[in-house]
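Next comes entry.cif, with mmCIF, C-alpha atoms.
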```cif
data_query
loop_
_atom_site.label_atom_id
_atom_site.label_comp_id
_atom_site.auth_asym_id
_atom_site.auth_seq_id
_atom_site.Cartn_x
_atom_site.Cartn_y
_atom_site.Cartn_z
CA MET L 265 -5.88 -16.87 -6.92
CA LEU L 266 -4.77 -13.68 -8.61
CA ASP L 267 -2.26 -15.56 -10.78
CA HIS L 268 -4.99 -18.06 -11.66
CA TYR L 269 -7.50 -15.45 -12.80
CA ILE L 270 -4.86 -13.49 -14.72
CA ASN L 271 -3.90 -16.66 -16.63
CA ILE L 272 -7.55 -17.45 -17.41
CA THR L 273 -8.27 -13.92 -18.59
CA PHE L 274 -5.16 -13.83 -20.76
CA ALA L 275 -5.70 -17.29 -22.28
CA ASP L 276 -9.40 -16.76 -23.03
CA SER L 277 -9.04 -13.33 -24.59
CA PRO L 278 -10.32 -13.33 -28.19
CA ALA L 279 -9.03 -9.81 -28.86
CA ARG L 280 -6.56 -8.94 -31.59
CA LEU L 281 -4.96 -5.60 -32.28
CA LYS L 282 -6.21 -3.79 -35.37
CA GLY L 283 -5.44 -0.76 -37.49
CA PRO L 284 -1.93 0.75 -37.31
CA VAL L 285 -0.97 -1.62 -34.47
CA GLY L 286 -2.32 -4.74 -36.18
CA ILE L 287 1.19 -6.02 -36.87
CA LEU L 288 1.85 -6.20 -33.11
CA LYS L 289 1.10 -9.23 -30.94
CA ASP L 290 0.36 -7.11 -27.88
CA ILE L 291 0.94 -3.77 -26.21
CA LEU L 292 2.26 -4.02 -22.65
CA ILE L 293 2.23 -1.07 -20.27
CA GLN L 294 4.06 -1.15 -16.96
CA ASP L 295 3.50 1.27 -14.11
CA SER L 296 3.20 1.36 -10.33
CA SER L 297 0.94 2.93 -7.73
CA ILE L 298 1.40 3.58 -4.01
CA VAL L 299 -1.17 2.47 -1.42
CA ARG L 300 -1.02 4.24 1.94
CA LEU L 301 -0.92 2.19 5.14
CA SER L 302 -0.81 3.03 8.85
CA LYS L 303 2.55 4.36 10.05
CA LYS L 304 2.63 1.35 12.39
CA LEU L 305 3.77 -0.62 9.33
CA ALA L 306 6.61 1.78 8.50
CA GLU L 307 9.21 -0.88 9.28
CA GLU L 308 7.63 -3.49 6.95
CA PHE L 309 6.68 -0.93 4.28
CA PRO L 310 8.96 2.10 4.71
CA PRO L 311 7.79 5.29 2.99
CA ALA L 312 9.94 6.79 0.27
CA ARG L 313 10.58 10.13 1.98
CA SER L 314 10.04 10.40 5.71
CA ARG L 315 9.41 7.99 8.58
CA SER L 316 6.83 10.43 9.94
CA GLU L 317 4.55 9.71 6.97
CA ALA L 318 2.13 6.82 6.85
CA ALA L 319 3.74 3.66 5.49
CA GLY L 320 3.15 2.66 1.90
CA LEU L 321 3.21 -0.40 -0.29
CA LYS L 322 3.71 -0.22 -4.05
CA ILE L 323 1.81 -2.24 -6.64
CA HIS L 324 3.88 -2.89 -9.78
CA ALA L 325 1.55 -3.94 -12.61
CA VAL L 326 1.81 -4.81 -16.30
CA TYR L 327 -1.29 -4.19 -18.42
CA SER L 328 -2.01 -6.10 -21.65
CA ALA L 329 -3.99 -4.42 -24.41
CA VAL L 330 -5.01 -7.81 -25.84
CA SER L 331 -6.52 -9.12 -22.61
CA HIS L 332 -7.62 -5.62 -21.47
CA SER L 333 -6.42 -6.66 -18.02
CA LEU L 334 -3.35 -7.27 -15.89
CA LYS L 335 -0.68 -9.57 -17.29
CA SER L 336 1.54 -9.61 -14.20
CA PHE L 337 2.02 -7.81 -10.89
CA GLU L 338 4.24 -7.54 -7.83
CA ILE L 339 3.83 -5.87 -4.43
CA THR L 340 6.81 -4.23 -2.69
CA ASP L 341 7.47 -1.47 -0.21
CA GLU L 342 7.18 2.11 -1.42
CA LYS L 343 10.95 2.69 -1.53
CA THR L 344 11.58 0.01 -4.21
CA HIS L 345 12.48 1.79 -7.43
CA ASP L 346 10.32 1.06 -10.47
CA TYR L 347 13.33 0.22 -12.62
CA LYS L 348 14.19 -2.78 -10.42
CA LYS L 349 10.80 -4.37 -11.14
CA ILE L 350 10.62 -3.97 -14.88
CA ARG L 351 9.33 -7.11 -16.63
CA ILE L 352 10.95 -8.03 -19.96
CA ASP L 353 10.53 -11.80 -20.13
CA GLY L 354 9.29 -14.58 -22.39
CA ASN L 355 8.84 -14.24 -26.15
CA ILE L 356 8.59 -10.49 -26.77
CA LYS L 357 8.97 -10.50 -30.56
CA ASP L 358 6.49 -7.99 -32.08
CA VAL L 359 5.32 -6.87 -28.63
CA LEU L 360 5.23 -3.11 -27.95
CA PHE L 361 6.26 -1.82 -24.50
CA LEU L 362 5.16 1.57 -23.21
CA PHE L 363 7.06 3.02 -20.23
CA ASP L 364 7.24 6.30 -18.40
CA LEU L 365 10.43 7.96 -17.17
CA GLY L 366 10.63 5.78 -14.05
CA TYR L 367 11.60 2.79 -16.20
CA TYR L 368 13.96 4.58 -18.58
CA SER L 369 17.19 2.70 -19.17
CA HIS L 370 19.45 2.38 -22.19
CA TYR L 371 20.02 -1.28 -21.30
CA VAL L 372 16.28 -2.06 -21.17
CA LEU L 373 15.75 -0.46 -24.58
CA ALA L 374 18.68 -2.36 -26.09
CA ASN L 375 17.42 -5.62 -24.56
CA ILE L 376 13.93 -5.18 -26.06
CA ASN L 377 15.38 -4.25 -29.45
CA GLU L 378 17.75 -7.22 -29.58
CA ARG L 379 14.90 -9.63 -28.82
CA GLY L 380 12.62 -8.36 -31.57
CA GLY L 381 10.31 -6.24 -29.44
CA PHE L 382 9.33 -2.58 -29.79
CA PHE L 383 9.10 0.31 -27.35
CA VAL L 384 7.96 3.88 -26.94
CA VAL L 385 9.31 5.54 -23.82
CA GLY L 386 9.51 9.07 -22.48
CA SER L 387 13.13 10.18 -22.47
CA ARG L 388 15.28 12.25 -20.16
CA ILE L 389 18.03 14.29 -21.72
CA GLN L 390 20.47 12.69 -19.26
CA PRO L 391 22.38 10.52 -20.03
CA LYS L 392 22.73 12.56 -23.19
CA PRO L 393 22.24 10.67 -26.47
CA LYS L 394 24.34 11.81 -29.41
CA LEU L 395 22.81 13.09 -32.64
CA LYS L 396 23.43 10.92 -35.67
CA GLU L 397 20.88 12.08 -38.24
CA ILE L 398 18.00 14.53 -38.69
CA VAL L 399 14.91 12.93 -40.18
CA SER L 400 12.78 16.09 -40.20
CA GLU L 401 13.31 18.23 -43.28
CA SER L 402 14.23 21.80 -42.37
CA LYS L 403 17.12 24.03 -43.36
CA ILE L 404 16.97 25.59 -39.88
CA PHE L 405 17.68 22.21 -38.31
CA ASP L 406 20.43 21.47 -40.81
CA SER L 407 22.24 24.70 -39.97
CA ILE L 408 22.33 23.79 -36.26
CA PHE L 409 22.96 20.07 -36.57
CA GLU L 410 26.41 18.67 -35.88
CA LYS L 411 26.89 14.93 -35.88
CA GLY L 412 27.80 13.74 -32.41
CA MET L 413 26.43 16.76 -30.53
CA ASN L 414 24.28 16.15 -27.46
CA LEU L 415 20.52 16.10 -27.93
CA GLY L 416 20.09 18.63 -25.12
CA ASP L 417 22.47 21.11 -26.76
CA PHE L 418 20.66 20.74 -30.08
CA LEU L 419 17.21 21.34 -28.54
CA GLU L 420 18.50 24.47 -26.82
CA LYS L 421 19.32 26.01 -30.20
CA VAL L 422 16.37 25.01 -32.41
CA PRO L 423 13.14 27.08 -32.60
CA LYS L 424 10.77 26.23 -29.75
CA SER L 425 7.71 25.67 -31.91
CA ASP L 426 8.39 22.55 -33.92
CA GLU L 427 8.12 18.81 -33.96
CA ILE L 428 11.46 17.20 -34.66
CA GLU L 429 12.42 13.64 -35.53
CA LEU L 430 16.02 12.51 -35.10
CA ILE L 431 18.17 9.42 -35.03
CA CYS L 432 20.34 9.37 -31.90
CA THR L 433 23.04 7.05 -30.62
CA PHE L 434 22.53 5.74 -27.08
CA THR L 435 25.52 4.41 -25.17
CA GLY L 436 25.96 2.97 -21.71
CA ARG L 437 26.79 -0.15 -19.75
CA ASP L 438 24.72 -3.14 -18.72
CA LYS L 439 23.77 -2.38 -15.08
CA GLU L 440 22.97 -6.02 -14.44
CA LYS L 441 26.51 -7.22 -15.15
CA PRO L 442 29.91 -6.47 -13.60
CA TRP L 443 31.51 -3.25 -14.80
CA GLY L 444 32.74 -3.45 -18.35
CA LYS L 445 31.07 -6.76 -19.24
CA LYS L 446 28.76 -5.34 -21.89
CA ARG L 447 28.78 -2.00 -23.63
CA ILE L 448 25.50 -0.72 -25.09
CA ASN L 449 25.67 1.22 -28.35
CA ALA L 450 22.44 1.50 -30.35
CA ASP L 451 20.69 3.96 -32.68
CA PHE L 452 17.01 4.78 -32.00
CA ARG L 453 14.45 7.29 -33.25
CA VAL L 454 13.80 10.29 -31.01
CA VAL L 455 10.63 12.33 -31.56
CA CYS L 456 10.55 15.74 -29.85
CA PHE L 457 7.43 17.88 -29.28
CA TRP L 458 7.56 21.42 -27.90
CA ASP L 459 5.07 22.08 -25.07
CA GLU L 460 4.17 25.76 -25.29
CA ASN L 461 2.31 25.74 -21.95
CA ASP L 462 5.13 24.25 -19.86
CA LYS L 463 7.91 25.59 -22.09
CA ILE L 464 9.69 22.24 -22.31
CA TRP L 465 10.47 19.59 -24.89
CA HIS L 466 8.71 16.23 -24.58
CA ASN L 467 10.98 13.57 -26.03
CA TYR L 468 10.02 10.02 -26.96
CA VAL L 469 12.46 7.26 -27.86
CA THR L 470 11.28 4.38 -30.06
CA ASN L 471 12.51 1.64 -32.35
CA LEU L 472 9.23 1.44 -34.29
CA PRO L 473 9.96 1.79 -38.03
CA GLY L 474 9.50 5.30 -39.37
CA ASP L 475 7.81 4.15 -42.58
CA ALA L 476 5.02 2.47 -40.57
CA TYR L 477 4.67 4.90 -37.65
CA LYS L 478 4.98 8.64 -38.20
CA LYS L 479 6.01 10.96 -35.39
CA ASP L 480 2.42 11.97 -34.55
CA GLU L 481 1.50 8.32 -34.18
CA ILE L 482 4.38 7.80 -31.75
CA TYR L 483 2.88 10.48 -29.51
CA GLN L 484 -0.59 8.92 -29.76
CA LEU L 485 0.80 5.50 -28.84
CA TYR L 486 2.54 6.92 -25.79
CA ARG L 487 -0.72 8.56 -24.68
CA TYR L 488 -2.27 5.10 -24.58
CA ARG L 489 -0.04 4.43 -21.56
CA TRP L 490 -2.56 6.34 -19.44
CA ILE L 491 -4.97 3.41 -19.53
CA ILE L 492 -3.03 1.75 -16.70
CA GLU L 493 -3.35 4.96 -14.69
CA LEU L 494 -7.11 4.65 -15.15
CA LEU L 495 -7.00 1.10 -13.77
CA PHE L 496 -5.23 2.28 -10.63
CA LYS L 497 -7.71 5.15 -10.35
CA GLU L 498 -10.59 2.67 -10.66
CA MET L 499 -9.22 0.52 -7.83
CA LYS L 500 -8.67 3.52 -5.57
CA SER L 501 -11.97 5.30 -6.25
CA ASP L 502 -14.47 2.52 -7.01
CA TYR L 503 -12.92 -0.26 -4.94
CA ASP L 504 -11.66 1.85 -1.99
CA LEU L 505 -8.08 0.64 -2.38
CA GLY L 506 -5.88 2.59 0.03
CA LYS L 507 -8.72 4.34 1.87
CA PHE L 508 -8.12 2.30 5.02
CA LEU L 509 -4.85 2.94 6.86
CA LEU L 510 -4.47 -0.72 7.80
CA ALA L 511 -2.08 -1.41 10.67
CA ARG L 512 -1.49 -5.15 10.21
CA GLU L 513 0.60 -6.51 7.36
CA PRO L 514 -1.63 -9.55 6.54
CA LEU L 515 -4.72 -7.32 6.33
CA ALA L 516 -2.90 -4.81 4.13
CA LEU L 517 -1.80 -7.51 1.68
CA ILE L 518 -5.22 -9.21 1.68
CA HIS L 519 -6.85 -5.88 0.91
CA ALA L 520 -4.46 -5.16 -1.98
CA TYR L 521 -4.70 -8.64 -3.51
CA SER L 522 -8.49 -8.76 -3.21
CA MET L 523 -8.78 -5.47 -5.09
CA LEU L 524 -6.49 -6.77 -7.83
CA ILE L 525 -8.57 -9.96 -8.09
CA ARG L 526 -11.73 -7.88 -8.32
CA LEU L 527 -10.21 -5.82 -11.12
CA VAL L 528 -9.22 -8.89 -13.17
CA LEU L 529 -12.63 -10.53 -12.65
CA SER L 530 -14.40 -7.36 -13.73
CA ARG L 531 -12.46 -7.42 -17.00
CA ASN L 532 -13.38 -11.06 -17.56
CA LEU L 533 -17.07 -10.34 -16.96
CA TYR L 534 -16.91 -7.32 -19.26
CA LYS L 535 -15.68 -9.45 -22.16
CA LYS L 536 -18.43 -12.04 -21.64
CA TRP L 537 -21.08 -9.36 -21.37
#
```

Turn this file's structure into structure tokens for me.
Amino acid sequence: MLDHYINITFADSPARLKGPVGILKDILIQDSSIVRLSKKLAEEFPPARSRSEAAGLKIHAVYSAVSHSLKSFEITDEKTHDYKKIRIDGNIKDVLFLFDLGYYSHYVLANINERGGFFVVGSRIQPKPKLKEIVSESKIFDSIFEKGMNLGDFLEKVPKSDEIELICTFTGRDKEKPWGKKRINADFRVVCFWDENDKIWHNYVTNLPGDAYKKDEIYQLYRYRWIIELLFKEMKSDYDLGKFLLAREPLALIHAYSMLIRLVLSRNLYKKW
């Protein structure tokens, strides 16, 4: 039933992206949320940290900006890592993907890029990308920059009060193939913003063209990722998802699926209203 209503909502959506994102076919955001269950289900849905905690299932969901609803989903135990459930399938040309750090992978980024898609993703310093070019104009940056130096080393030396745009080289190996089958070597934009409150750099990796999307717009696009967090919040607060520590697996799954169906139907009714 959930698949059915997702397909209807997606097919019937009249929405089109406008403004700066009008050239995109869709914006897809993937994230996950944990739903607590009774510890009696710890064997079926083991918690991520300790067996003494209540069990937990994880809902992996992909949100579509065009349909303003879910595009796909999957339910696993809490211990399943987000990266293993990333969805990059079908025709993704001119589709923008927004991910948080849990989905970060050089291979995923290279895969999207090769297939004509776009991405904006929060970046860890590790594995360390190598500097290739400074886009931001500043003599201070030029005096520190050395081609091939690690991004982390560069950010340690620059003034902690700037926005910086760079081109970095990302290397690695395809985790889905036997060792040595495919080497990843690609150049992507990296936009860095200094957070004065937390005293850290926030780094965003993207392949969106710089002439169409300036560095401030990259940050604004990444902020849009929070809409899927609001969907999970809606299910947990308004629909009571996870408020019952259910002790039987069928009941736990029925509860989760029924809340997802309710969410999709609410989006369909909203559009018709």

Once the PyMOL selection byres ((chain L and resi 330) around 7) has been applied to the shown file, what residues remain in the selection, as a ChimeraX atom specification?
/L:277,279-281,290,328-329,331-332

Limited to C-alpha atoms, could you put the picked residues into a file as a compact mmCIF listing (two decimals), in the frame of the given file?
```
# COMPACT_ATOMS: atom_id res chain seq x y z
CA SER L 277 -9.04 -13.33 -24.59
CA ALA L 279 -9.03 -9.81 -28.86
CA ARG L 280 -6.56 -8.94 -31.59
CA LEU L 281 -4.96 -5.60 -32.28
CA ASP L 290 0.36 -7.11 -27.88
CA SER L 328 -2.01 -6.10 -21.65
CA ALA L 329 -3.99 -4.42 -24.41
CA SER L 331 -6.52 -9.12 -22.61
CA HIS L 332 -7.62 -5.62 -21.47
```

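The interatomic distance for the pair CA of Gly412 (chain L) and CA of Asp451 (chain L) works out to 12.1 Å.
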
Counting only C-alpha atoms, which of L:Ala306, L:Ile270, L:Val299, L:Val384 gets nearest to Phe496 (chain L)?
L:Val299

The PyMOL selection byres ((chain L and resi 524) around 10) - which residues does that actually catch in the file I just gave you? List them as a PDB file with C-alpha atoms, in the frame of the given file.
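Output saved as part-v3.pdb:
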```pdb
ATOM      1  CA  LEU L 266      -4.770 -13.680  -8.610  1.00  0.00           C
ATOM      2  CA  ILE L 270      -4.860 -13.490 -14.720  1.00  0.00           C
ATOM      3  CA  ILE L 323       1.810  -2.240  -6.640  1.00  0.00           C
ATOM      4  CA  ALA L 325       1.550  -3.940 -12.610  1.00  0.00           C
ATOM      5  CA  LEU L 334      -3.350  -7.270 -15.890  1.00  0.00           C
ATOM      6  CA  PHE L 337       2.020  -7.810 -10.890  1.00  0.00           C
ATOM      7  CA  LEU L 495      -7.000   1.100 -13.770  1.00  0.00           C
ATOM      8  CA  PHE L 496      -5.230   2.280 -10.630  1.00  0.00           C
ATOM      9  CA  MET L 499      -9.220   0.520  -7.830  1.00  0.00           C
ATOM     10  CA  TYR L 503     -12.920  -0.260  -4.940  1.00  0.00           C
ATOM     11  CA  LEU L 505      -8.080   0.640  -2.380  1.00  0.00           C
ATOM     12  CA  ILE L 518      -5.220  -9.210   1.680  1.00  0.00           C
ATOM     13  CA  HIS L 519      -6.850  -5.880   0.910  1.00  0.00           C
ATOM     14  CA  ALA L 520      -4.460  -5.160  -1.980  1.00  0.00           C
ATOM     15  CA  TYR L 521      -4.700  -8.640  -3.510  1.00  0.00           C
ATOM     16  CA  SER L 522      -8.490  -8.760  -3.210  1.00  0.00           C
ATOM     17  CA  MET L 523      -8.780  -5.470  -5.090  1.00  0.00           C
ATOM     18  CA  ILE L 525      -8.570  -9.960  -8.090  1.00  0.00           C
ATOM     19  CA  ARG L 526     -11.730  -7.880  -8.320  1.00  0.00           C
ATOM     20  CA  LEU L 527     -10.210  -5.820 -11.120  1.00  0.00           C
ATOM     21  CA  VAL L 528      -9.220  -8.890 -13.170  1.00  0.00           C
ATOM     22  CA  LEU L 529     -12.630 -10.530 -12.650  1.00  0.00           C
ATOM     23  CA  SER L 530     -14.400  -7.360 -13.730  1.00  0.00           C
TER      24      SER L 530
END
```

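For the set L:Glu460, L:Glu342, L:Glu493, L:Asp406, the residue with the smallest atom-to-atom gap to Leu301 (chain L) is L:Glu342, counting all atoms listed in the file.
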
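Note that the spacing between CA of Lys303 (chain L) and CA of Arg512 (chain L) amounts to 10.3 Å.
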
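Between CA of Tyr488 (chain L) and CA of Val455 (chain L) there is a distance of 16.4 Å.
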
Residue neighbourhood Tyr468 (chain L), 7 Å, all atoms listed in the file, exclusion window fewer than 5 positions, as a PDB file with C-alpha atoms, in the frame of the given file:
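Resulting contents of result_9.pdb:
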```pdb
ATOM      1  CA  VAL L 384       7.960   3.880 -26.940  1.00  0.00           C
ATOM      2  CA  VAL L 385       9.310   5.540 -23.820  1.00  0.00           C
ATOM      3  CA  GLY L 386       9.510   9.070 -22.480  1.00  0.00           C
ATOM      4  CA  SER L 387      13.130  10.180 -22.470  1.00  0.00           C
ATOM      5  CA  VAL L 454      13.800  10.290 -31.010  1.00  0.00           C
ATOM      6  CA  VAL L 455      10.630  12.330 -31.560  1.00  0.00           C
ATOM      7  CA  CYS L 456      10.550  15.740 -29.850  1.00  0.00           C
TER       8      CYS L 456
END
```

Which residue, L:Phe309, L:Phe409, L:Trp490, L:Phe363, has the smallest gap to Lys343 (chain L) when you use all atoms listed in the file?
L:Phe309

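If you measure from each of L:Leu362, L:Ile339, L:Leu515, L:Ile448 to Arg487 (chain L) using only C-alpha atoms, the closest one turns out to be L:Leu362.
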
Which polymer residues have any atom within 12 Å of an atom of Lys424 (chain L), counting only C-alpha atoms, with same-chain residues fewer than 4 positions away left out, as an MDAnalysis selection string?
chainID L and resid 404:405 418:420 428 456:466

Could you write out as lines of an AutoDock Vina configuration file the box around region 322-325 of chain L (axis-aligned, all atoms listed in the file, 4 Å on each side), with centre and edge lengths in Å to one decimal?
```
center_x = 2.7
center_y = -2.1
center_z = -8.3
size_x = 10.3
size_y = 11.7
size_z = 16.6
```

The PyMOL selection byres ((chain L and resi 470) around 12) on the file shown: which residues, as a PyMOL selection string?
chain L and resi 360-363+368+370+373-374+376-377+381-387+429-432+434+450-456+467-469+471-474+477-479+481-483+485-486

Give me the residues near Asn449 (chain L) as a ChimeraX atom specification, where near means some atom within 8 Å (using only C-alpha atoms) and where sequence neighbours in that chain fewer than 4 positions away do not count.
/L:433-436

If we draw a sphere of 12 Å around (3.3, 9.1, -4.8), which residues have at least one atom in it when counting only C-alpha atoms? Please report them as a count of residues only.
17

Closest of L:Ile492, L:Leu365, L:Ala516, L:Ala476 to His324 (chain L) - atom-to-atom distances counting all atoms listed in the file
L:Ile492

C-alpha atoms of region 363-437 of chain L, written as a compact mmCIF listing (two decimals), in the first residue's frame:
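The file below, decode25.txt, is the result:
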```
# COMPACT_ATOMS: atom_id res chain seq x y z
CA PHE L 363 23.14 14.15 1.98
CA ASP L 364 24.47 14.55 5.48
CA LEU L 365 27.74 13.11 6.76
CA GLY L 366 26.27 9.64 7.31
CA TYR L 367 26.12 9.10 3.54
CA TYR L 368 29.47 10.66 2.65
CA SER L 369 31.49 8.58 0.22
CA HIS L 370 33.88 9.50 -2.57
CA TYR L 371 32.48 6.64 -4.64
CA VAL L 372 28.87 7.84 -4.27
CA LEU L 373 29.85 11.36 -5.35
CA ALA L 374 31.79 10.06 -8.36
CA ASN L 375 28.86 7.80 -9.31
CA ILE L 376 26.37 10.70 -9.25
CA ASN L 377 28.74 12.92 -11.22
CA GLU L 378 29.40 10.33 -13.91
CA ARG L 379 25.67 9.80 -14.45
CA GLY L 380 24.86 13.48 -14.92
CA GLY L 381 23.44 14.18 -11.47
CA PHE L 382 24.38 16.85 -8.94
CA PHE L 383 25.05 16.79 -5.21
CA VAL L 384 25.67 18.95 -2.18
CA VAL L 385 26.99 17.02 0.80
CA GLY L 386 28.54 17.88 4.14
CA SER L 387 32.18 16.80 4.11
CA ARG L 388 34.53 15.30 6.65
CA ILE L 389 38.17 16.24 6.41
CA GLN L 390 39.01 12.52 6.41
CA PRO L 391 39.79 11.01 3.95
CA LYS L 392 41.69 14.18 3.14
CA PRO L 393 41.04 15.71 -0.29
CA LYS L 394 43.97 17.43 -1.97
CA LEU L 395 43.91 21.10 -2.92
CA LYS L 396 44.03 21.79 -6.63
CA GLU L 397 42.90 25.40 -7.00
CA ILE L 398 41.67 28.36 -4.95
CA VAL L 399 38.56 29.97 -6.39
CA SER L 400 38.21 32.67 -3.71
CA GLU L 401 40.30 35.75 -4.43
CA SER L 402 42.59 36.61 -1.53
CA LYS L 403 46.31 37.18 -1.28
CA ILE L 404 46.22 35.63 2.20
CA PHE L 405 44.92 32.38 0.75
CA ASP L 406 47.44 32.48 -2.08
CA SER L 407 50.35 32.79 0.35
CA ILE L 408 49.25 29.64 2.21
CA PHE L 409 48.11 27.57 -0.74
CA GLU L 410 50.27 24.74 -2.02
CA LYS L 411 48.93 22.51 -4.75
CA GLY L 412 48.46 18.99 -3.42
CA MET L 413 48.32 19.93 0.27
CA ASN L 414 45.57 18.42 2.41
CA LEU L 415 42.40 20.45 2.89
CA GLY L 416 42.66 20.03 6.67
CA ASP L 417 46.20 21.43 6.76
CA PHE L 418 45.14 24.40 4.65
CA LEU L 419 42.14 25.23 6.88
CA GLU L 420 44.38 25.11 9.95
CA LYS L 421 46.49 27.95 8.55
CA VAL L 422 43.92 30.32 7.01
CA PRO L 423 42.16 33.06 9.05
CA LYS L 424 39.15 31.68 10.92
CA SER L 425 36.69 34.31 9.75
CA ASP L 426 36.21 33.73 6.05
CA GLU L 427 34.23 31.87 3.46
CA ILE L 428 36.49 29.96 1.12
CA GLU L 429 35.82 28.21 -2.18
CA LEU L 430 38.29 25.66 -3.48
CA ILE L 431 38.68 22.94 -6.08
CA CYS L 432 39.89 19.71 -4.47
CA THR L 433 40.87 16.32 -5.83
CA PHE L 434 39.10 13.35 -4.22
CA THR L 435 40.65 9.91 -4.52
CA GLY L 436 39.66 6.49 -3.27
CA ARG L 437 38.51 3.04 -4.32
```
